[in-house]
There are 2 protein chains.
Amino acid sequence: MSLIDHLNWLDEGIAGVRAAIPEMPEDAALCRTLMLLSEHIQTEFEYKLRPYKLNDSEFRTLMTLFSRPDGISTPGELCVFTSQGATNMTRIANALVKRGLITRGPSAEDRRRVVMQITASGRRFVQKMLPTMFPRLKLIFSGFSDADRRNLRRLLRKLANNLSQLEYEAGDPP
Amino acid sequence: MSLIDHLNWLDEGIAGVRAAIPEMPEDAALCRTLMLLSEHIQTEFEYKLRPYKLNDSEFRTLMTLFSRPDGISTPGELCVFTSQGATNMTRIANALVKRGLITRGPSAEDRRRVVMQITASGRRFVQKMLPTMFPRLKLIFSGFSDADRRNLRRLLRKLANNLSQLEYEAGDPP
DNA sequence: GGTGCATAGTTCACTGATGGAATAAATGAT
DNA sequence: ATCATTTATTCCATCAGTGAACTATGCACC
């Protein structure tokens, strides 16, 4: 079943539900569409990462370090940025250290802390691996005008804004 | 860290990567934004489902049956619609049957098949549970004009279209 | 009408990602 | 000096999801 067919079926399903519960907001379809798309993009990412024996959490962690001029961060900080628990971050760090992509050592200033830093080898790895994702990434947005991009960005940010409110109002865990 | 802060940080991160690898498409930020939003929406859904002891896979399966006038489907069909493997669908069906929300029996026409049908109790359950999700769902899209909705839908569909092509061209598993 | 192949579903054993509680080391506050 | 807090790690548990083997049924073809 193609993604488009799936979306069409989704709309039908929502319509079916609304036949029984008319108060159901149609926005549910947009939510599900978003989630379905995200799943596919995620699959796409993991498909490109598999040959490099990286999962997405490890990839995001490595990329966060790569994105910094000094290539440095701490587990606690990376937990926040990559939305991972501390337990996981330890495991991710183990994996990346074992592969020589990062180093891990105690911090000089605060010896409770651990400093993680991308290695030269890690940088080379990213330089080599990342570009292989570009062609398909471009295809995903093929046919998008600059206006489309701006529009999508604006709408997604609007959504993000509302979601933030939501979390605050209800005191949700995440 | 709020979602908006996270998105801003994400943009910075991408900018940092582009400093080292200028060919990196900025669309990566849109991808990640989408994924991040989807995660939050997912969290939101599961937050509302937890009190009912349902996970999202079970919920989607139940809703698919609910959306049909006759409330009937088969495991195979539900696998396609809910993007689950057959093994999982068996487990999901087990869980829903045990709770009396659906029935499961052999098909009359084709005795290889199994027929899953939502029960009256299952319908009542959905009627009671689903509306509790509406208020927050509405908040997520608060401030969205009809034009915004149409626009978002259009752009997401465009994305879906491109993603479909992608899968076809590369012969990916999903 | 029997043989062979395809389909549908289940079972079992496994993986892989994540989470929680308890712990250790270091820091800071009083 | 002591106690609470922060940071990271370890261990154990969970949960969704997967792959391979198996069963039962149906379909096609000769």
# chains A, B, ... in the order shown; residues from 1 in each chain; ligands from 1
$ interface_residues --of "chain C" --to "chain A" --cutoff "8 Å" --atoms "only C-alpha atoms (C1' of nucleotides)" --output "PyMOL selection string"
chain C and resi 18-19+25-27
$ write_last_selection --atoms "N, CA and C atoms (P, O5', C5', C4', C3', O3' and C1' of nucleotides)" --output "mmCIF file, in the first residue's frame"
data_model
loop_
_atom_site.group_PDB
_atom_site.id
_atom_site.type_symbol
_atom_site.label_atom_id
_atom_site.label_comp_id
_atom_site.auth_asym_id
_atom_site.auth_seq_id
_atom_site.Cartn_x
_atom_site.Cartn_y
_atom_site.Cartn_z
ATOM 1 P P DT C 18 15.490 4.914 21.693
ATOM 2 O "O5'" DT C 18 14.932 4.723 23.165
ATOM 3 C "C5'" DT C 18 13.541 4.492 23.341
ATOM 4 C "C4'" DT C 18 13.259 4.001 24.731
ATOM 5 C "C3'" DT C 18 13.670 4.941 25.866
ATOM 6 O "O3'" DT C 18 12.517 5.634 26.296
ATOM 7 C "C1'" DT C 18 13.968 2.628 26.390
ATOM 8 P P DG C 19 12.563 6.698 27.410
ATOM 9 O "O5'" DG C 19 12.232 5.900 28.754
ATOM 10 C "C5'" DG C 19 11.089 5.054 28.802
ATOM 11 C "C4'" DG C 19 10.988 4.467 30.200
ATOM 12 C "C3'" DG C 19 11.395 5.431 31.313
ATOM 13 O "O3'" DG C 19 10.415 5.417 32.336
ATOM 14 C "C1'" DG C 19 12.707 3.431 31.414
ATOM 15 P P DA C 25 32.761 5.576 44.468
ATOM 16 O "O5'" DA C 25 32.868 7.064 43.901
ATOM 17 C "C5'" DA C 25 32.882 7.252 42.497
ATOM 18 C "C4'" DA C 25 32.709 8.723 42.199
ATOM 19 C "C3'" DA C 25 33.564 9.636 43.078
ATOM 20 O "O3'" DA C 25 34.324 10.477 42.241
ATOM 21 C "C1'" DA C 25 31.293 10.358 43.053
ATOM 22 P P DA C 26 35.409 11.458 42.868
ATOM 23 O "O5'" DA C 26 34.632 12.847 42.855
ATOM 24 C "C5'" DA C 26 34.189 13.345 41.605
ATOM 25 C "C4'" DA C 26 33.246 14.492 41.857
ATOM 26 C "C3'" DA C 26 33.851 15.638 42.668
ATOM 27 O "O3'" DA C 26 33.943 16.761 41.814
ATOM 28 C "C1'" DA C 26 31.639 15.091 43.386
ATOM 29 P P DT C 27 34.617 18.078 42.363
ATOM 30 O "O5'" DT C 27 33.377 18.956 42.812
ATOM 31 C "C5'" DT C 27 32.326 19.199 41.866
ATOM 32 C "C4'" DT C 27 31.134 19.803 42.576
ATOM 33 C "C3'" DT C 27 31.455 21.073 43.368
ATOM 34 O "O3'" DT C 27 30.824 22.155 42.717
ATOM 35 C "C1'" DT C 27 29.964 19.622 44.526
#
$ interface_residues --of "chain D" --to "chain A" --cutoff "12 Å" --atoms "only C-alpha atoms (C1' of nucleotides)" --output "list in words"
DT5, DT6, DT7, DA8, DT9, DT10 and DC11 of chain D
$ interface_residues --of "chain B" --to "chain A" --cutoff "6 Å" --atoms "only C-alpha atoms" --output "list in words"
Leu3, Gly13, Gly16, Val17, Met35, Ser38, Ser67, Ile140, Asn162, Leu163 and Ser164 of chain B
$ write_last_selection --atoms "C-alpha atoms" --output "PDB file, in the first residue's frame"
ATOM      1  CA  LEU B   3       9.619  22.467  21.992  1.00  0.00           C
ATOM      2  CA  GLY B  13      22.751  22.758  14.866  1.00  0.00           C
ATOM      3  CA  GLY B  16      26.750  24.447  12.482  1.00  0.00           C
ATOM      4  CA  VAL B  17      26.852  21.385  10.259  1.00  0.00           C
ATOM      5  CA  MET B  35       9.867  14.300  13.262  1.00  0.00           C
ATOM      6  CA  SER B  38       5.337  13.974  15.408  1.00  0.00           C
ATOM      7  CA  SER B  67     -14.689   3.322  11.548  1.00  0.00           C
ATOM      8  CA  ILE B 140      -3.103  21.744  19.006  1.00  0.00           C
ATOM      9  CA  ASN B 162       7.686  12.546  -3.066  1.00  0.00           C
ATOM     10  CA  LEU B 163       8.247   9.955  -0.378  1.00  0.00           C
ATOM     11  CA  SER B 164       6.219   7.434  -2.355  1.00  0.00           C
TER      12      SER B 164
END
$ atom_distance --atom1 "CA of Lys53 in chain A" --atom2 "CA of Asp70 in chain A"
25.0 Å
$ select_by_dssp --residues "range 47-161 of chain B" --states "strand (DSSP E)" --output "list in words"
Ile72, Ser73, Ile102, Thr103, Arg104, Gly105, Pro106, Val114, Val115, Met116, Gln117 and Ile118 of chain B
$ write_last_selection --atoms "N, CA and C atoms" --output "PDB file, in the first residue's frame"
ATOM      1  N   ILE B  72     -16.002  -4.775  10.896  1.00  0.00           N
ATOM      2  CA  ILE B  72     -15.323  -6.031  10.574  1.00  0.00           C
ATOM      3  C   ILE B  72     -14.038  -5.800   9.794  1.00  0.00           C
ATOM      4  N   SER B  73     -13.026  -6.590  10.086  1.00  0.00           N
ATOM      5  CA  SER B  73     -11.847  -6.654   9.241  1.00  0.00           C
ATOM      6  C   SER B  73     -11.107  -7.966   9.518  1.00  0.00           C
ATOM      7  N   ILE B 102     -13.196  -6.628  21.085  1.00  0.00           N
ATOM      8  CA  ILE B 102     -13.449  -7.208  19.760  1.00  0.00           C
ATOM      9  C   ILE B 102     -13.670  -8.718  19.920  1.00  0.00           C
ATOM     10  N   THR B 103     -14.214  -9.317  18.852  1.00  0.00           N
ATOM     11  CA  THR B 103     -14.294 -10.778  18.795  1.00  0.00           C
ATOM     12  C   THR B 103     -13.392 -11.261  17.671  1.00  0.00           C
ATOM     13  N   ARG B 104     -13.032 -12.526  17.748  1.00  0.00           N
ATOM     14  CA  ARG B 104     -12.186 -13.094  16.702  1.00  0.00           C
ATOM     15  C   ARG B 104     -12.687 -14.493  16.400  1.00  0.00           C
ATOM     16  N   GLY B 105     -12.952 -14.765  15.132  1.00  0.00           N
ATOM     17  CA  GLY B 105     -13.425 -16.100  14.772  1.00  0.00           C
ATOM     18  C   GLY B 105     -13.051 -16.410  13.341  1.00  0.00           C
ATOM     19  N   PRO B 106     -13.193 -17.651  12.951  1.00  0.00           N
ATOM     20  CA  PRO B 106     -12.842 -18.054  11.582  1.00  0.00           C
ATOM     21  C   PRO B 106     -13.847 -17.482  10.585  1.00  0.00           C
ATOM     22  N   VAL B 114      -9.257 -15.053   9.405  1.00  0.00           N
ATOM     23  CA  VAL B 114      -9.846 -14.800  10.704  1.00  0.00           C
ATOM     24  C   VAL B 114     -10.630 -13.495  10.595  1.00  0.00           C
ATOM     25  N   VAL B 115     -11.777 -13.473  11.197  1.00  0.00           N
ATOM     26  CA  VAL B 115     -12.583 -12.251  11.172  1.00  0.00           C
ATOM     27  C   VAL B 115     -12.524 -11.589  12.537  1.00  0.00           C
ATOM     28  N   MET B 116     -12.130 -10.330  12.517  1.00  0.00           N
ATOM     29  CA  MET B 116     -12.135  -9.558  13.756  1.00  0.00           C
ATOM     30  C   MET B 116     -13.269  -8.543  13.670  1.00  0.00           C
ATOM     31  N   GLN B 117     -14.031  -8.457  14.729  1.00  0.00           N
ATOM     32  CA  GLN B 117     -15.158  -7.529  14.730  1.00  0.00           C
ATOM     33  C   GLN B 117     -15.255  -6.820  16.071  1.00  0.00           C
ATOM     34  N   ILE B 118     -15.482  -5.521  15.994  1.00  0.00           N
ATOM     35  CA  ILE B 118     -15.634  -4.758  17.228  1.00  0.00           C
ATOM     36  C   ILE B 118     -16.954  -5.141  17.893  1.00  0.00           C
TER      37      ILE B 118
END
$ atom_distance --atom1 "CA of Phe59 in chain B" --atom2 "CA of Gly100 in chain B"
14.1 Å
$ atom_distance --atom1 "CA of Ile92 in chain A" --atom2 "CA of Thr61 in chain A"
8.0 Å
$ residues_around --residues "DA6 in chain C" --least-positions-apart "4" --cutoff "12 Å" --atoms "only C-alpha atoms (C1' of nucleotides)" --output "ChimeraX atom specification"
/D:25-28
$ decode --residues "chain D" --atoms "C-alpha atoms (C1' of nucleotides)" --output "PDB file, in the first residue's frame"
ATOM      1  C1'  DA D   1      31.415  18.872  59.046  1.00  0.00           C
ATOM      2  C1'  DT D   2      27.207  17.466  57.342  1.00  0.00           C
ATOM      3  C1'  DC D   3      23.473  17.093  54.308  1.00  0.00           C
ATOM      4  C1'  DA D   4      21.165  17.905  50.025  1.00  0.00           C
ATOM      5  C1'  DT D   5      21.897  18.213  45.025  1.00  0.00           C
ATOM      6  C1'  DT D   6      23.813  17.206  40.662  1.00  0.00           C
ATOM      7  C1'  DT D   7      25.852  13.963  37.286  1.00  0.00           C
ATOM      8  C1'  DA D   8      26.607   9.816  35.458  1.00  0.00           C
ATOM      9  C1'  DT D   9      26.508   4.887  35.619  1.00  0.00           C
ATOM     10  C1'  DT D  10      24.807   0.122  36.513  1.00  0.00           C
ATOM     11  C1'  DC D  11      21.389  -3.325  36.786  1.00  0.00           C
ATOM     12  C1'  DC D  12      17.008  -4.998  35.931  1.00  0.00           C
ATOM     13  C1'  DA D  13      12.682  -4.876  33.678  1.00  0.00           C
ATOM     14  C1'  DT D  14       9.513  -3.779  29.948  1.00  0.00           C
ATOM     15  C1'  DC D  15       7.507  -3.336  25.665  1.00  0.00           C
ATOM     16  C1'  DA D  16       6.999  -3.122  20.814  1.00  0.00           C
ATOM     17  C1'  DG D  17       8.390  -5.219  16.958  1.00  0.00           C
ATOM     18  C1'  DT D  18      10.856  -9.012  13.867  1.00  0.00           C
ATOM     19  C1'  DG D  19      12.200 -13.488  11.615  1.00  0.00           C
ATOM     20  C1'  DA D  20      11.742 -18.289  10.953  1.00  0.00           C
ATOM     21  C1'  DA D  21       9.225 -22.293  11.396  1.00  0.00           C
ATOM     22  C1'  DC D  22       4.751 -24.356  11.440  1.00  0.00           C
ATOM     23  C1'  DT D  23      -0.371 -25.238  10.532  1.00  0.00           C
ATOM     24  C1'  DA D  24      -4.269 -25.015   7.957  1.00  0.00           C
ATOM     25  C1'  DT D  25      -6.569 -23.851   4.091  1.00  0.00           C
ATOM     26  C1'  DG D  26      -7.407 -22.675  -0.626  1.00  0.00           C
ATOM     27  C1'  DC D  27      -6.257 -22.522  -5.683  1.00  0.00           C
ATOM     28  C1'  DA D  28      -4.326 -24.065 -10.103  1.00  0.00           C
ATOM     29  C1'  DC D  29      -2.835 -27.146 -13.177  1.00  0.00           C
ATOM     30  C1'  DC D  30      -2.162 -31.332 -15.197  1.00  0.00           C
TER      31       DC D  30
END
